Amino acid sequence: MLDIRNIVKQYANHRALDDVSTQVAKGSIFGLLGPNGAGKTSLIRIINQITAPDSGEIYFDGERLNPGHISRIGYLPEERGLYKKMQIGEQMLYLAQLKGLSQQEASVRIRHWFEKMEMQSWWNKKVEDLSKGMQQKVQFVATVVHQPDLIILDEPFSGFDPVNANIIKEEIQALNRNGATIIFSTHRMESVEELCDSIILINKSKKVLDGKVKDIRTAYRTNTYRLEHLPYDGVVADREGLFTITQREDTGGNTTLTIRIAEGKTINDVLAYLIPIVQIHELAEVIPSIHDIFVQQVTAQASTH
Amino acid sequence: MNKILLIIKREYLSRVKKRSFLLVTFLVPLFIIGIYALTIYLTAESFRNSDAHVYVIDQSGLFKDGLADSKSIRFTEVTGDVQEQKTRILSEKERTFLLIIPPDVEQTRAIELYAKETASLNVQEAVSKKVENVLRDSAYARAGIDPVVLKSINPQVKVISREITEQGEKDSSAGAAMGIAMTLSILVYICLFLYGAQVMRGIIEEKNSRIVEVIISSVKPFQLMMGKIIGIGLVGLTQFILWIVLSSALVAVASVGMVNEEAVKAQLEYRQADSTAAVPQSGAADGMWNTAMEELGKIDFQTIIITFLVYFFGGYLLYSALFAAVGSAVDSETETQQFMFPITIPLLFTYILSFGVLVNDPHGPLAFWLSMIPFTSPIAMLVRIPFGVPIWQIGLSLALLIGGFILTTWVAGRIYRVGILMYGKKASYKELAKWFRYKG
């Protein structure tokens with residue numbers, strides 16, 4: 001869907017994006033992750049053609065990004081808002097027409113969405129008369145009403161109450177099932193991890209890593225397991241050359257251990273050692289979360305500086 | 001292009017549909033007519049009410065023939081004790097006066113007027129005039145001058161100002177032209193600020209409500225800025241055209257209602273006679289009114305209205321682009337002060353000059369150059385128009401004005417596209433220059 005190649009964006013005093021490249025697969029949910037100020041919004045604005053990069057290029061469906069693509073993108077900016085004094089229906093029609101829909105088509109689609117989201121009675125209301133959550137719903141509909149192939153959501157869940165956030169999340173997944181490609185941008189990595197197929201991590205205007213979530217997490221496995229065993233009259237201790245215990249918790253007689261297996265050994269070796277001693281109740285591999293990986297990468301980067 | 005039309009439509013309709021727009025559009029002409037009518041009514045009323053009754057005690061003996069009654073003042077000669085008469089005045093109704101002419105009035109030139117209230121200026125003036133006339137006539141008589149001969153040789157000279165153009169001669173009028181020039185300069189000055197500030201406020205509102213990024217993901221920032229400027233400009237034009245139409249309709253109705261038919265007929269006959277006669281002969285009494293009407297008749301209102309609309313729109317485009325740049329650079333209206341000042345200067349400068357230099361010397365070099373420079377021409381040229389300006393000058397000035405607004409919108413557009421996405425950053429001129437140079 002998107003092929004981003006070597007994007008550089010320079011502002012007077014700082015470089016917002018430094019040679020960032022990545023690919024967004026068609027029909028995927030893509031996470032654009034990084035702390036505040038990393039350059040996420042700069043990249044999104046370049047994709048939306050609000051600003052132009054100093055160098056590098058973007059291909060949209062194999063074509064060089066051009067103004068014709070604007071109507072195929074739906075964008076929900078982080079800094080979002082609506083005309084406060086304008087009626088909701090009129091406002092939606094206006095925004096949809098700016099995206100290239102005819103008035104009739106826009107009207108039909110908006111009414112369809114309003115029905116779906118149970119907002120029919122809002123048509124003649126002004127934005128200032130709606131609650132914050134309601135405004136967010138309106139804004140979301142305005143973003144997707146022209147059936148874009150690519151939907152870009154910058155910090156989509158900030159400001160939503162949990163109920164509405166869930167509704168929106170479900171709608172996004174439904175749109176994705178119908179073929180839309182979604183880009184999520186957020187600094188709260190845990191919130192999108194479950195949704196995203198692929199991600200890119202940006203920090204201080206540079207790409208830290210990108211790829212499929214599954215692959216990344218596999219690649220950053222640390223051979224760590226969580227093991228719960230029933231009461232036992234002795235104490236399981238580190239065993240040189242086999243594993244080290246990084247954490248120990250005692251809960252109601254059961255003990256939960258987090259162990260790290262030594263290089264060259266497998267979980268089977270550990271079990272072979274443990275089974276004669278304790279009765280194992282539960283065992284699971286601890287796969288690092290994107291957040292953990294991010295923190296690890298960023299702190300590593302900071303310490304090399 | 002289609003999108004810019006959408007933006008213009010929204011900006012236009014959202015303002016025209018507002019209750020305040022309708023209110024201002026319809027109330028302003030009513031207000032103007034109301035003031036006009038009220039002035040006429042009050043003037044008429046003040047004359048009607050001035051039916052004064054003056055008792056005269058003539059101690060000088062000069063006024064044996066009495067003072068002539070006029071429409072508003074009646075004189076009655078009384079004799080007797082001054083104190084007694086004064087007491088009588090107290091018991092009389094209002095607008096009754098006691099005039100005492102002392103024996104030595106010819107030397108002192110002073111008379112006394114008693115009343116329960118302070119006598120109005122109208123009455124004081126009427127009384128003094130009448131007394132002066134009598135005194136003057138008696139002085140003439142003593143000096144052996146015949147007042148009738150004197151009156152016949154009183155020369156009155158009137159200047160008939162005529163303009164020579166290629167089409168021939170025509171009457172021109174400095175007085176009326178001056179009045180119209182002043183009105184135009186005030187109108188343009190106020191309106192440029194009024195509508196320019198609306199553009200600025202609209203942009204600040206879009207920035208504050210954070211809708212701007214949603215919109216510029218669909219259209220170019222320049223389209224949004226131009227759409228807003230043109231939309232609001234059309235609101236201004238609509239308002240003016242409605243004002244002109246409504247005011248002229250109301251004036252027409254009002255003048256037919258107020259002036260009786262015969263007066264209108266007489267007026268028309270007078271003006272027809274005037275245009276054929278080589279030297280117009282003004283009657284002394286209603287000369288003022290006739291002269292005013294006559295002068296207004298010489299003004300080419302059609303040209304003035306058209307040039308006014310053109311220059312207003314041109315000047316508006318030029319200045320509103322600057323207002324737009326300011327609006328994009330700030331987060332709230334209170335921060336606009338530092339940028340507003342340099343925008344205000346050329347307008348204020350021309351506005352002040354228009355009252356002195358431009359009106360008195362509408363064809364001088366200063367007037368010429370000010371009416372060419374795009375930043376000052378919207379006011380300067382309109383001040384000159386009622387005095388007659390050669391076509392080539394208007395053409396050149398308009399061409400420069402168009403060039404000027406293309407330049408300001410280009411500069412403003414480059415600042416605007418960066419400014420609207422900047423929040424919470426206090427912009428300085430240095431900052432603006434940096435934005436101007438950003439790529440893309």
# chains A, B, ... in the order shown; residues from 1 in each chain; ligands from 1
$ select_by_dssp --residues "region 154-255 of chain B" --states "strand (DSSP E)" --output "list in words"
Arg162, Glu163, Ile164, Thr165, Gly168, Glu169, Lys170 and Asp171 of chain B
$ write_last_selection --atoms "C-alpha atoms" --output "mmCIF file, in the first residue's frame"
data_model
loop_
_atom_site.group_PDB
_atom_site.id
_atom_site.type_symbol
_atom_site.label_atom_id
_atom_site.label_comp_id
_atom_site.auth_asym_id
_atom_site.auth_seq_id
_atom_site.Cartn_x
_atom_site.Cartn_y
_atom_site.Cartn_z
ATOM 1 C CA ARG B 162 -16.682 73.973 -14.847
ATOM 2 C CA GLU B 163 -14.407 71.100 -15.812
ATOM 3 C CA ILE B 164 -12.922 70.854 -19.278
ATOM 4 C CA THR B 165 -12.744 67.281 -20.506
ATOM 5 C CA GLY B 168 -16.632 68.995 -23.561
ATOM 6 C CA GLU B 169 -17.335 71.136 -20.560
ATOM 7 C CA LYS B 170 -19.312 70.046 -17.572
ATOM 8 C CA ASP B 171 -20.179 71.474 -14.228
#
$ closest_atom_pairs --of "chain B" --to "chain A" --cutoff "10 Å" --atoms "only C-alpha atoms" --output "JSON lines"
{"residue": "B:Asn2", "atom": "CA", "partner": "A:Leu98", "partner_atom": "CA", "distance": 8.7}
{"residue": "B:Lys3", "atom": "CA", "partner": "A:Leu98", "partner_atom": "CA", "distance": 5.9}
{"residue": "B:Ile4", "atom": "CA", "partner": "A:Leu98", "partner_atom": "CA", "distance": 8.9}
{"residue": "B:Leu5", "atom": "CA", "partner": "A:Leu98", "partner_atom": "CA", "distance": 10.0}
{"residue": "B:Leu6", "atom": "CA", "partner": "A:Leu98", "partner_atom": "CA", "distance": 7.3}
{"residue": "B:Ile7", "atom": "CA", "partner": "A:Leu98", "partner_atom": "CA", "distance": 8.3}
{"residue": "B:Lys9", "atom": "CA", "partner": "A:Tyr94", "partner_atom": "CA", "distance": 9.8}
{"residue": "B:Arg10", "atom": "CA", "partner": "A:Tyr94", "partner_atom": "CA", "distance": 7.8}
{"residue": "B:Ser14", "atom": "CA", "partner": "A:Met86", "partner_atom": "CA", "distance": 7.9}
{"residue": "B:Glu205", "atom": "CA", "partner": "A:Tyr83", "partner_atom": "CA", "distance": 8.2}
{"residue": "B:Glu206", "atom": "CA", "partner": "A:Tyr83", "partner_atom": "CA", "distance": 7.2}
{"residue": "B:Lys207", "atom": "CA", "partner": "A:Gly81", "partner_atom": "CA", "distance": 9.2}
{"residue": "B:Asn208", "atom": "CA", "partner": "A:Gly81", "partner_atom": "CA", "distance": 8.5}
{"residue": "B:Ser209", "atom": "CA", "partner": "A:Gly81", "partner_atom": "CA", "distance": 5.2}
{"residue": "B:Arg210", "atom": "CA", "partner": "A:Gly81", "partner_atom": "CA", "distance": 4.5}
{"residue": "B:Ile211", "atom": "CA", "partner": "A:Gly81", "partner_atom": "CA", "distance": 4.4}
{"residue": "B:Val212", "atom": "CA", "partner": "A:Gly81", "partner_atom": "CA", "distance": 7.9}
{"residue": "B:Glu213", "atom": "CA", "partner": "A:Pro77", "partner_atom": "CA", "distance": 6.7}
{"residue": "B:Val214", "atom": "CA", "partner": "A:Pro77", "partner_atom": "CA", "distance": 6.6}
{"residue": "B:Ile215", "atom": "CA", "partner": "A:Leu95", "partner_atom": "CA", "distance": 7.3}
{"residue": "B:Ile216", "atom": "CA", "partner": "A:Ile50", "partner_atom": "CA", "distance": 6.5}
{"residue": "B:Ser217", "atom": "CA", "partner": "A:Asn48", "partner_atom": "CA", "distance": 5.8}
{"residue": "B:Ser218", "atom": "CA", "partner": "A:Lys99", "partner_atom": "CA", "distance": 5.6}
{"residue": "B:Val219", "atom": "CA", "partner": "A:Leu98", "partner_atom": "CA", "distance": 7.1}
{"residue": "B:Lys220", "atom": "CA", "partner": "A:Ile50", "partner_atom": "CA", "distance": 7.4}
{"residue": "B:Pro221", "atom": "CA", "partner": "A:Ile50", "partner_atom": "CA", "distance": 8.1}
{"residue": "B:Arg417", "atom": "CA", "partner": "A:Ile50", "partner_atom": "CA", "distance": 8.6}
{"residue": "B:Val418", "atom": "CA", "partner": "A:Thr51", "partner_atom": "CA", "distance": 8.8}
{"residue": "B:Leu421", "atom": "CA", "partner": "A:Glu79", "partner_atom": "CA", "distance": 9.3}
{"residue": "B:Tyr423", "atom": "CA", "partner": "A:Glu79", "partner_atom": "CA", "distance": 9.8}
{"residue": "B:Glu431", "atom": "CA", "partner": "A:Ala12", "partner_atom": "CA", "distance": 9.7}
{"residue": "B:Lys434", "atom": "CA", "partner": "A:Ala12", "partner_atom": "CA", "distance": 7.4}
{"residue": "B:Trp435", "atom": "CA", "partner": "A:Ala12", "partner_atom": "CA", "distance": 8.8}
{"residue": "B:Arg437", "atom": "CA", "partner": "A:Ala12", "partner_atom": "CA", "distance": 9.7}
{"residue": "B:Tyr438", "atom": "CA", "partner": "A:Tyr11", "partner_atom": "CA", "distance": 7.8}
{"residue": "B:Lys439", "atom": "CA", "partner": "A:Ala52", "partner_atom": "CA", "distance": 7.2}
{"residue": "B:Gly440", "atom": "CA", "partner": "A:Ala52", "partner_atom": "CA", "distance": 4.9}
$ write_last_selection --atoms "C-alpha atoms" --output "CSV table (one decimal), in the first residue's frame"
chain,number,residue,atom,x,y,z
B,2,ASN,CA,-14.0,22.8,-7.1
B,3,LYS,CA,-12.8,22.6,-3.5
B,4,ILE,CA,-12.1,26.3,-3.2
B,5,LEU,CA,-15.7,26.9,-4.4
B,6,LEU,CA,-16.9,24.7,-1.6
B,7,ILE,CA,-14.8,26.7,0.9
B,9,LYS,CA,-19.6,28.7,-0.2
B,10,ARG,CA,-19.2,27.7,3.4
B,14,SER,CA,-22.2,30.6,7.3
B,205,GLU,CA,-11.0,30.1,15.3
B,206,GLU,CA,-10.0,27.3,12.9
B,207,LYS,CA,-6.7,27.0,14.6
B,208,ASN,CA,-8.1,27.0,18.1
B,209,SER,CA,-10.9,24.5,17.3
B,210,ARG,CA,-8.1,22.3,15.7
B,211,ILE,CA,-10.2,21.7,12.7
B,212,VAL,CA,-7.6,23.1,10.4
B,213,GLU,CA,-5.5,19.9,10.1
B,214,VAL,CA,-8.6,17.9,9.2
B,215,ILE,CA,-9.3,20.4,6.4
B,216,ILE,CA,-5.8,20.7,5.1
B,217,SER,CA,-5.6,17.0,4.7
B,218,SER,CA,-8.2,17.5,2.0
B,219,VAL,CA,-7.2,20.8,0.5
B,220,LYS,CA,-4.1,22.9,0.1
B,221,PRO,CA,-3.6,25.5,2.9
B,417,ARG,CA,0.7,27.0,5.7
B,418,VAL,CA,3.3,26.7,8.5
B,421,LEU,CA,0.1,24.0,12.4
B,423,TYR,CA,0.6,25.7,18.5
B,431,GLU,CA,10.2,33.2,13.1
B,434,LYS,CA,11.9,31.3,8.7
B,435,TRP,CA,8.5,29.9,8.0
B,437,ARG,CA,11.5,30.0,3.6
B,438,TYR,CA,10.4,26.5,4.5
B,439,LYS,CA,10.2,24.1,1.6
B,440,GLY,CA,7.0,22.5,0.3
$ residues_around --residues "Lys265 (chain A)" --least-positions-apart "6" --cutoff "10 Å" --atoms "only C-alpha atoms" --output "PDB file with all heavy atoms, in the first residue's frame"
ATOM      1  N   ASN A 223      14.496 -16.036  26.110  1.00  0.00           N
ATOM      2  CA  ASN A 223      14.570 -17.343  26.747  1.00  0.00           C
ATOM      3  C   ASN A 223      14.159 -17.271  28.205  1.00  0.00           C
ATOM      4  O   ASN A 223      14.799 -17.840  29.076  1.00  0.00           O
ATOM      5  CB  ASN A 223      15.983 -17.913  26.610  1.00  0.00           C
ATOM      6  CG  ASN A 223      15.945 -19.306  26.003  1.00  0.00           C
ATOM      7  OD1 ASN A 223      14.869 -19.817  25.678  1.00  0.00           O
ATOM      8  ND2 ASN A 223      17.108 -19.909  25.862  1.00  0.00           N
ATOM      9  N   GLY A 241      24.781 -22.836  34.884  1.00  0.00           N
ATOM     10  CA  GLY A 241      24.832 -23.518  33.593  1.00  0.00           C
ATOM     11  C   GLY A 241      23.494 -23.969  33.087  1.00  0.00           C
ATOM     12  O   GLY A 241      23.378 -24.447  31.966  1.00  0.00           O
ATOM     13  N   LEU A 242      22.429 -23.826  33.884  1.00  0.00           N
ATOM     14  CA  LEU A 242      21.110 -24.256  33.421  1.00  0.00           C
ATOM     15  C   LEU A 242      20.116 -23.092  33.423  1.00  0.00           C
ATOM     16  O   LEU A 242      19.528 -22.773  32.411  1.00  0.00           O
ATOM     17  CB  LEU A 242      20.593 -25.407  34.288  1.00  0.00           C
ATOM     18  CG  LEU A 242      19.308 -26.075  33.797  1.00  0.00           C
ATOM     19  CD1 LEU A 242      19.465 -26.638  32.395  1.00  0.00           C
ATOM     20  CD2 LEU A 242      18.891 -27.193  34.763  1.00  0.00           C
ATOM     21  N   PHE A 243      19.933 -22.458  34.572  1.00  0.00           N
ATOM     22  CA  PHE A 243      19.030 -21.300  34.610  1.00  0.00           C
ATOM     23  C   PHE A 243      19.318 -20.410  35.813  1.00  0.00           C
ATOM     24  O   PHE A 243      19.933 -20.847  36.779  1.00  0.00           O
ATOM     25  CB  PHE A 243      17.558 -21.740  34.620  1.00  0.00           C
ATOM     26  CG  PHE A 243      17.144 -22.491  35.865  1.00  0.00           C
ATOM     27  CD1 PHE A 243      16.730 -21.794  37.010  1.00  0.00           C
ATOM     28  CD2 PHE A 243      17.149 -23.877  35.883  1.00  0.00           C
ATOM     29  CE1 PHE A 243      16.338 -22.499  38.134  1.00  0.00           C
ATOM     30  CE2 PHE A 243      16.765 -24.566  37.027  1.00  0.00           C
ATOM     31  CZ  PHE A 243      16.355 -23.884  38.148  1.00  0.00           C
TER      32      PHE A 243
END
$ residues_around --residues "Glu106 (chain B)" --least-positions-apart "6" --cutoff "10 Å" --atoms "only C-alpha atoms" --output "list in words"
Ser60, Leu62, Glu132, Leu135, Arg136, Ser138 and Ala139 of chain B
$ select_by_dssp --residues "region 111-257 of chain A" --states "alpha helix (DSSP H)" --output "VMD selection string"
chain A and resid 111 to 116 132 to 144 162 to 177 189 to 193 213 to 219
$ decode --residues "region 379-392 of chain B" --atoms "N, CA, C and O atoms" --output "CSV table (one decimal), in the first residue's frame"
chain,number,residue,atom,x,y,z
B,379,ILE,N,-7.7,53.9,-0.3
B,379,ILE,CA,-8.3,55.1,0.3
B,379,ILE,C,-8.0,56.3,-0.6
B,379,ILE,O,-8.9,57.0,-1.0
B,380,ALA,N,-6.7,56.4,-1.0
B,380,ALA,CA,-6.3,57.7,-1.7
B,380,ALA,C,-7.1,57.8,-3.0
B,380,ALA,O,-7.5,58.9,-3.4
B,381,MET,N,-7.2,56.7,-3.8
B,381,MET,CA,-7.9,56.9,-5.1
B,381,MET,C,-9.4,57.2,-4.9
B,381,MET,O,-9.9,58.0,-5.6
B,382,LEU,N,-10.0,56.6,-3.9
B,382,LEU,CA,-11.4,56.9,-3.7
B,382,LEU,C,-11.6,58.3,-3.3
B,382,LEU,O,-12.6,58.9,-3.6
B,383,VAL,N,-10.6,58.9,-2.6
B,383,VAL,CA,-10.8,60.3,-2.2
B,383,VAL,C,-10.7,61.2,-3.5
B,383,VAL,O,-11.4,62.2,-3.6
B,384,ARG,N,-9.9,60.7,-4.4
B,384,ARG,CA,-9.7,61.5,-5.6
B,384,ARG,C,-10.8,61.4,-6.6
B,384,ARG,O,-11.1,62.3,-7.4
B,385,ILE,N,-11.4,60.2,-6.6
B,385,ILE,CA,-12.4,59.9,-7.7
B,385,ILE,C,-13.5,61.0,-7.8
B,385,ILE,O,-13.8,61.4,-8.9
B,386,PRO,N,-14.1,61.5,-6.7
B,386,PRO,CA,-15.2,62.5,-6.9
B,386,PRO,C,-14.7,63.8,-7.6
B,386,PRO,O,-15.5,64.5,-8.2
B,387,PHE,N,-13.4,64.0,-7.6
B,387,PHE,CA,-12.8,65.2,-8.3
B,387,PHE,C,-12.5,65.0,-9.7
B,387,PHE,O,-12.1,65.8,-10.4
B,388,GLY,N,-12.7,63.7,-10.2
B,388,GLY,CA,-12.4,63.4,-11.5
B,388,GLY,C,-10.9,62.9,-11.7
B,388,GLY,O,-10.0,63.7,-11.4
B,389,VAL,N,-10.7,61.7,-12.1
B,389,VAL,CA,-9.3,61.2,-12.3
B,389,VAL,C,-9.3,60.6,-13.7
B,389,VAL,O,-10.2,59.9,-14.1
B,390,PRO,N,-8.2,60.9,-14.4
B,390,PRO,CA,-8.0,60.3,-15.8
B,390,PRO,C,-8.1,58.8,-15.8
B,390,PRO,O,-7.6,58.2,-14.8
B,391,ILE,N,-8.7,58.2,-16.8
B,391,ILE,CA,-8.8,56.8,-16.9
B,391,ILE,C,-7.5,56.0,-16.8
B,391,ILE,O,-7.4,55.0,-16.1
B,392,TRP,N,-6.4,56.5,-17.4
B,392,TRP,CA,-5.2,55.8,-17.4
B,392,TRP,C,-4.6,55.7,-16.0
B,392,TRP,O,-4.0,54.7,-15.6
